[in-house]
$ cat run-v8.cif   # mmCIF, C-alpha atoms
data_start
loop_
_atom_site.group_PDB
_atom_site.id
_atom_site.type_symbol
_atom_site.label_atom_id
_atom_site.label_comp_id
_atom_site.auth_asym_id
_atom_site.auth_seq_id
_atom_site.Cartn_x
_atom_site.Cartn_y
_atom_site.Cartn_z
ATOM 1 C CA MET A 1147 -24.929 -47.712 14.229
ATOM 2 C CA LYS A 1148 -27.898 -50.104 14.141
ATOM 3 C CA LYS A 1149 -28.014 -50.505 17.943
ATOM 4 C CA LYS A 1150 -27.812 -46.737 18.458
ATOM 5 C CA ARG A 1151 -30.547 -46.129 15.873
ATOM 6 C CA GLN A 1152 -32.821 -48.757 17.420
ATOM 7 C CA ALA A 1153 -32.196 -47.398 20.916
ATOM 8 C CA LYS A 1154 -33.116 -43.907 19.689
ATOM 9 C CA LEU A 1155 -36.228 -45.309 17.984
ATOM 10 C CA VAL A 1156 -37.412 -46.888 21.263
ATOM 11 C CA GLU A 1157 -36.584 -43.676 23.134
ATOM 12 C CA LEU A 1158 -38.623 -41.604 20.675
ATOM 13 C CA ILE A 1159 -41.726 -43.793 20.771
ATOM 14 C CA THR A 1160 -41.495 -43.873 24.557
ATOM 15 C CA ARG A 1161 -41.216 -40.099 24.797
ATOM 16 C CA TYR A 1162 -43.662 -39.039 22.043
ATOM 17 C CA GLU A 1163 -46.992 -40.284 20.739
ATOM 18 C CA ILE A 1164 -45.961 -41.284 17.232
ATOM 19 C CA ASN A 1165 -48.738 -42.392 14.897
ATOM 20 C CA THR A 1166 -46.961 -43.056 11.590
ATOM 21 C CA GLN A 1167 -43.653 -44.266 10.223
ATOM 22 C CA ASP A 1168 -43.291 -40.908 8.464
ATOM 23 C CA GLU A 1169 -43.376 -39.131 11.845
ATOM 24 C CA LEU A 1170 -40.833 -41.595 13.216
ATOM 25 C CA ILE A 1171 -38.547 -41.159 10.200
ATOM 26 C CA ALA A 1172 -38.678 -37.362 10.576
ATOM 27 C CA LEU A 1173 -37.786 -37.567 14.286
ATOM 28 C CA LEU A 1174 -34.932 -39.998 13.623
ATOM 29 C CA ARG A 1175 -33.568 -37.692 10.927
ATOM 30 C CA GLU A 1176 -33.814 -34.716 13.320
ATOM 31 C CA ASN A 1177 -31.682 -36.776 15.707
ATOM 32 C CA GLY A 1178 -28.971 -37.440 13.126
ATOM 33 C CA PHE A 1179 -30.067 -40.802 11.704
ATOM 34 C CA ASP A 1180 -30.426 -40.844 7.908
ATOM 35 C CA VAL A 1181 -33.022 -43.615 7.587
ATOM 36 C CA THR A 1182 -35.323 -44.969 4.914
ATOM 37 C CA GLN A 1183 -38.838 -46.288 5.359
ATOM 38 C CA ALA A 1184 -37.576 -49.826 4.772
ATOM 39 C CA THR A 1185 -34.982 -49.472 7.551
ATOM 40 C CA VAL A 1186 -37.529 -48.136 10.034
ATOM 41 C CA SER A 1187 -40.002 -50.861 9.098
ATOM 42 C CA ARG A 1188 -37.326 -53.520 9.652
ATOM 43 C CA ASP A 1189 -36.338 -51.968 12.995
ATOM 44 C CA ILE A 1190 -39.981 -51.940 14.131
ATOM 45 C CA ARG A 1191 -40.315 -55.624 13.251
ATOM 46 C CA GLU A 1192 -37.002 -56.616 14.897
ATOM 47 C CA LEU A 1193 -37.833 -54.704 18.078
ATOM 48 C CA ASN A 1194 -41.360 -56.195 18.282
ATOM 49 C CA ILE A 1195 -42.911 -52.743 18.315
ATOM 50 C CA PHE A 1196 -46.608 -52.597 17.555
ATOM 51 C CA LYS A 1197 -49.397 -50.044 17.468
ATOM 52 C CA MET A 1198 -51.834 -49.703 20.320
ATOM 53 C CA ILE A 1199 -54.886 -47.593 20.975
ATOM 54 C CA GLY A 1200 -54.123 -44.402 22.866
ATOM 55 C CA GLU A 1201 -56.466 -42.832 25.385
ATOM 56 C CA ASP A 1202 -57.762 -40.524 22.653
ATOM 57 C CA GLY A 1203 -58.655 -43.502 20.417
ATOM 58 C CA SER A 1204 -55.820 -42.948 17.927
ATOM 59 C CA TYR A 1205 -53.246 -45.610 17.097
ATOM 60 C CA ARG A 1206 -49.653 -45.018 18.177
ATOM 61 C CA TYR A 1207 -46.446 -46.997 18.395
ATOM 62 C CA SER A 1208 -45.835 -48.749 21.677
ATOM 63 C CA PRO A 1209 -42.384 -49.619 23.034
ATOM 64 C CA PRO A 1210 -41.549 -53.318 23.299
ATOM 65 C CA GLN A 1211 -42.693 -55.000 26.502
ATOM 66 C CA ARG A 1212 -40.301 -57.096 28.557
ATOM 67 C CA GLN A 1213 -41.130 -60.789 28.774
ATOM 68 C CA SER A 1214 -42.286 -62.242 32.070
ATOM 69 C CA ASP A 1215 -39.535 -64.194 33.823
ATOM 70 C CA LYS A 1216 -42.084 -66.574 35.310
ATOM 71 C CA GLY A 1217 -43.157 -68.076 32.005
ATOM 72 C CA ASP A 1218 -46.753 -68.273 33.224
ATOM 73 C CA GLY A 1219 -48.099 -65.403 31.147
ATOM 74 C CA VAL A 1220 -49.393 -63.470 34.179
ATOM 75 C CA LYS A 1221 -47.377 -60.267 33.691
ATOM 76 C CA SER A 1222 -47.884 -60.372 29.927
ATOM 77 C CA MET A 1223 -51.626 -60.976 30.316
ATOM 78 C CA SER A 1224 -51.759 -57.818 32.426
ATOM 79 C CA ASN A 1225 -49.904 -55.873 29.700
ATOM 80 C CA LEU A 1226 -52.193 -57.257 27.013
ATOM 81 C CA GLN A 1227 -55.266 -56.424 29.056
ATOM 82 C CA SER A 1228 -54.201 -52.860 29.762
ATOM 83 C CA THR A 1229 -53.222 -51.993 26.191
ATOM 84 C CA LEU A 1230 -55.262 -54.110 23.791
ATOM 85 C CA VAL A 1231 -58.487 -55.157 25.515
ATOM 86 C CA LYS A 1232 -60.493 -52.516 23.669
ATOM 87 C CA ALA A 1233 -59.479 -54.045 20.351
ATOM 88 C CA ILE A 1234 -60.871 -57.545 21.030
ATOM 89 C CA LEU A 1235 -64.506 -58.033 20.057
ATOM 90 C CA LYS A 1236 -65.117 -61.801 20.154
ATOM 91 C CA VAL A 1237 -63.337 -65.061 21.000
ATOM 92 C CA ASP A 1238 -64.390 -68.552 19.949
ATOM 93 C CA CYS A 1239 -62.757 -71.938 19.456
ATOM 94 C CA ALA A 1240 -63.037 -74.882 17.062
ATOM 95 C CA GLY A 1241 -60.935 -77.967 17.706
ATOM 96 C CA ASN A 1242 -57.456 -76.901 18.746
ATOM 97 C CA LEU A 1243 -57.870 -73.450 17.160
ATOM 98 C CA VAL A 1244 -58.969 -70.213 18.791
ATOM 99 C CA VAL A 1245 -60.402 -67.405 16.664
ATOM 100 C CA VAL A 1246 -60.194 -63.836 17.955
ATOM 101 C CA LYS A 1247 -62.102 -61.044 16.207
ATOM 102 C CA THR A 1248 -60.745 -57.512 16.694
ATOM 103 C CA GLU A 1249 -61.448 -53.977 15.636
ATOM 104 C CA SER A 1250 -60.415 -53.420 12.032
ATOM 105 C CA GLY A 1251 -56.649 -53.044 11.609
ATOM 106 C CA LEU A 1252 -55.690 -54.251 15.090
ATOM 107 C CA ALA A 1253 -55.441 -58.021 14.711
ATOM 108 C CA GLN A 1254 -51.667 -57.968 14.216
ATOM 109 C CA ALA A 1255 -51.082 -55.872 17.337
ATOM 110 C CA VAL A 1256 -53.290 -58.150 19.414
ATOM 111 C CA ALA A 1257 -51.541 -61.219 17.943
ATOM 112 C CA VAL A 1258 -48.172 -59.834 19.050
ATOM 113 C CA GLY A 1259 -49.587 -59.411 22.545
ATOM 114 C CA ILE A 1260 -50.946 -62.954 22.529
ATOM 115 C CA ASP A 1261 -47.643 -64.355 21.268
ATOM 116 C CA ARG A 1262 -45.935 -62.591 24.180
ATOM 117 C CA LEU A 1263 -48.105 -64.397 26.716
ATOM 118 C CA ASP A 1264 -45.393 -67.048 26.820
ATOM 119 C CA MET A 1265 -47.874 -69.805 27.644
ATOM 120 C CA PRO A 1266 -46.715 -73.345 26.795
ATOM 121 C CA GLN A 1267 -49.998 -74.366 25.173
ATOM 122 C CA LEU A 1268 -49.754 -71.553 22.571
ATOM 123 C CA LEU A 1269 -48.139 -72.699 19.341
ATOM 124 C CA GLY A 1270 -48.565 -69.474 17.382
ATOM 125 C CA CYS A 1271 -50.842 -66.878 15.810
ATOM 126 C CA VAL A 1272 -51.698 -65.849 12.268
ATOM 127 C CA ALA A 1273 -53.301 -62.409 11.972
ATOM 128 C CA GLY A 1274 -55.154 -60.645 9.217
ATOM 129 C CA ASP A 1275 -56.822 -57.250 9.432
ATOM 130 C CA ASP A 1276 -59.460 -58.068 12.038
ATOM 131 C CA THR A 1277 -59.110 -61.800 12.714
ATOM 132 C CA ILE A 1278 -56.499 -63.895 14.508
ATOM 133 C CA LEU A 1279 -56.193 -67.660 14.223
ATOM 134 C CA ILE A 1280 -54.389 -69.118 17.238
ATOM 135 C CA ALA A 1281 -53.098 -72.691 17.228
ATOM 136 C CA VAL A 1282 -52.877 -74.416 20.593
ATOM 137 C CA ARG A 1283 -51.814 -77.972 21.449
ATOM 138 C CA THR A 1284 -55.146 -79.604 22.280
ATOM 139 C CA VAL A 1285 -58.901 -79.076 22.141
ATOM 140 C CA GLU A 1286 -58.830 -78.669 25.925
ATOM 141 C CA ASP A 1287 -56.174 -75.964 25.586
ATOM 142 C CA ALA A 1288 -58.368 -74.125 23.069
ATOM 143 C CA VAL A 1289 -61.357 -74.189 25.411
ATOM 144 C CA SER A 1290 -59.206 -73.150 28.391
ATOM 145 C CA PHE A 1291 -57.466 -70.347 26.477
ATOM 146 C CA SER A 1292 -60.773 -69.067 25.099
ATOM 147 C CA GLN A 1293 -62.283 -69.068 28.600
ATOM 148 C CA THR A 1294 -59.214 -67.268 29.968
ATOM 149 C CA ILE A 1295 -59.595 -64.525 27.384
ATOM 150 C CA HIS A 1296 -63.327 -64.264 28.192
ATOM 151 C CA GLU A 1297 -62.695 -64.056 31.945
ATOM 152 C CA LYS A 1298 -59.548 -61.939 32.035
ATOM 153 C CA LEU A 1299 -60.456 -59.542 29.271
ATOM 154 C CA ARG A 1300 -64.241 -59.612 29.647
ATOM 155 C CA VAL A 1301 -64.964 -59.872 25.921
ATOM 156 C CA GLY A 1302 -67.907 -61.396 24.087
#
$ encode --input "run-v8.cif" --output "structure tokens"
Amino acid sequence: MKKKRQAKLVELITRYEINTQDELIALLRENGFDVTQATVSRDIRELNIFKMIGEDGSYRYSPPQRQSDKGDGVKSMSNLQSTLVKAILKVDCAGNLVVVKTESGLAQAVAVGIDRLDMPQLLGCVAGDDTILIAVRTVEDAVSFSQTIHEKLRVG
């Protein structure tokens, strides 16, 4: 039942622009799945679904992206650039840490995108409302990663 429900959830967010969990719950119920908010929230987390900015400026759920087979982050960087670039305002580094400032409420979505870059120097991200702290292996990695974000995403 869980796999069918999660498959339907992905199908629905792929087919429709869904902005809230309440909308998603209603659609799942219309499709025969008696779900609670806690179940949908858990499914969203397990499926690595996040919100992105739509063309109209509203936030909507985005289906999970497939990982790059290369492991070099190129395909994922392209996905991040095309869906989340508008959310990033500023990038800076201090030691082996990179700090990314985003539009309010979008740090977690951007952090998911960064985590999916599958770059060996990235150790992990911690996101708040509008700030992401990224740990990388070395000071050089922090400078390189920060420059990559500046160049690839053209942010300040």
$ atom_distance --input "run-v8.cif" --atom1 "atom CA of Lys1197 of chain A" --atom2 "atom CA of Gly1178 of chain A"
24.4 Å
$ residues_around --input "run-v8.cif" --residues "Leu1279 of chain A" --least-positions-apart "5" --cutoff "10 Å" --atoms "only C-alpha atoms" --output "list of chain:residue names"
A:Cys1239, A:Leu1243, A:Val1244, A:Val1245, A:Val1246, A:Lys1247, A:Ala1253, A:Ala1257, A:Gly1270, A:Cys1271, A:Val1272, A:Ala1273, A:Gly1274
$ residues_around --input "run-v8.cif" --residues "Tyr1207 of chain A" --least-positions-apart "2" --cutoff "8 Å" --atoms "only C-alpha atoms" --output "MDAnalysis selection string"
chainID A and resid 1159 1163:1166 1195:1198 1205 1209
$ closest_residue --input "run-v8.cif" --among "A:Leu1170, A:Ala1233, A:Val1285, A:Leu1193" --to "Lys1149 of chain A" --atoms "only C-alpha atoms"
A:Leu1193
$ atom_distance --input "run-v8.cif" --atom1 "atom CA of Ala1255 of chain A" --atom2 "atom CA of Ala1240 of chain A"
22.5 Å
$ resolve_selection --input "run-v8.cif" --expression "the PyMOL selection byres ((chain A and resi 1172-1175) around 10)" --output "JSON list (two decimals) with C-alpha atoms, keeping the file's coordinate frame"
[["chain", "number", "residue", "atom", "x", "y", "z"],
["A", 1151, "ARG", "CA", -30.55, -46.13, 15.87],
["A", 1152, "GLN", "CA", -32.82, -48.76, 17.42],
["A", 1154, "LYS", "CA", -33.12, -43.91, 19.69],
["A", 1155, "LEU", "CA", -36.23, -45.31, 17.98],
["A", 1158, "LEU", "CA", -38.62, -41.60, 20.68],
["A", 1159, "ILE", "CA", -41.73, -43.79, 20.77],
["A", 1162, "TYR", "CA", -43.66, -39.04, 22.04],
["A", 1164, "ILE", "CA", -45.96, -41.28, 17.23],
["A", 1167, "GLN", "CA", -43.65, -44.27, 10.22],
["A", 1168, "ASP", "CA", -43.29, -40.91, 8.46],
["A", 1169, "GLU", "CA", -43.38, -39.13, 11.84],
["A", 1170, "LEU", "CA", -40.83, -41.60, 13.22],
["A", 1171, "ILE", "CA", -38.55, -41.16, 10.20],
["A", 1176, "GLU", "CA", -33.81, -34.72, 13.32],
["A", 1177, "ASN", "CA", -31.68, -36.78, 15.71],
["A", 1178, "GLY", "CA", -28.97, -37.44, 13.13],
["A", 1179, "PHE", "CA", -30.07, -40.80, 11.70],
["A", 1180, "ASP", "CA", -30.43, -40.84, 7.91],
["A", 1181, "VAL", "CA", -33.02, -43.62, 7.59],
["A", 1182, "THR", "CA", -35.32, -44.97, 4.91],
["A", 1186, "VAL", "CA", -37.53, -48.14, 10.03]]
$ closest_residue --input "run-v8.cif" --among "A:Asp1276, A:Asp1287, A:Asp1202, A:Asp1261" --to "Ile1234 of chain A" --atoms "all atoms listed in the file"
A:Asp1276
$ closest_residue --input "run-v8.cif" --among "A:Val1256, A:Ile1295, A:Ala1184, A:Ile1280" --to "Leu1268 of chain A" --atoms "only C-alpha atoms"
A:Ile1280
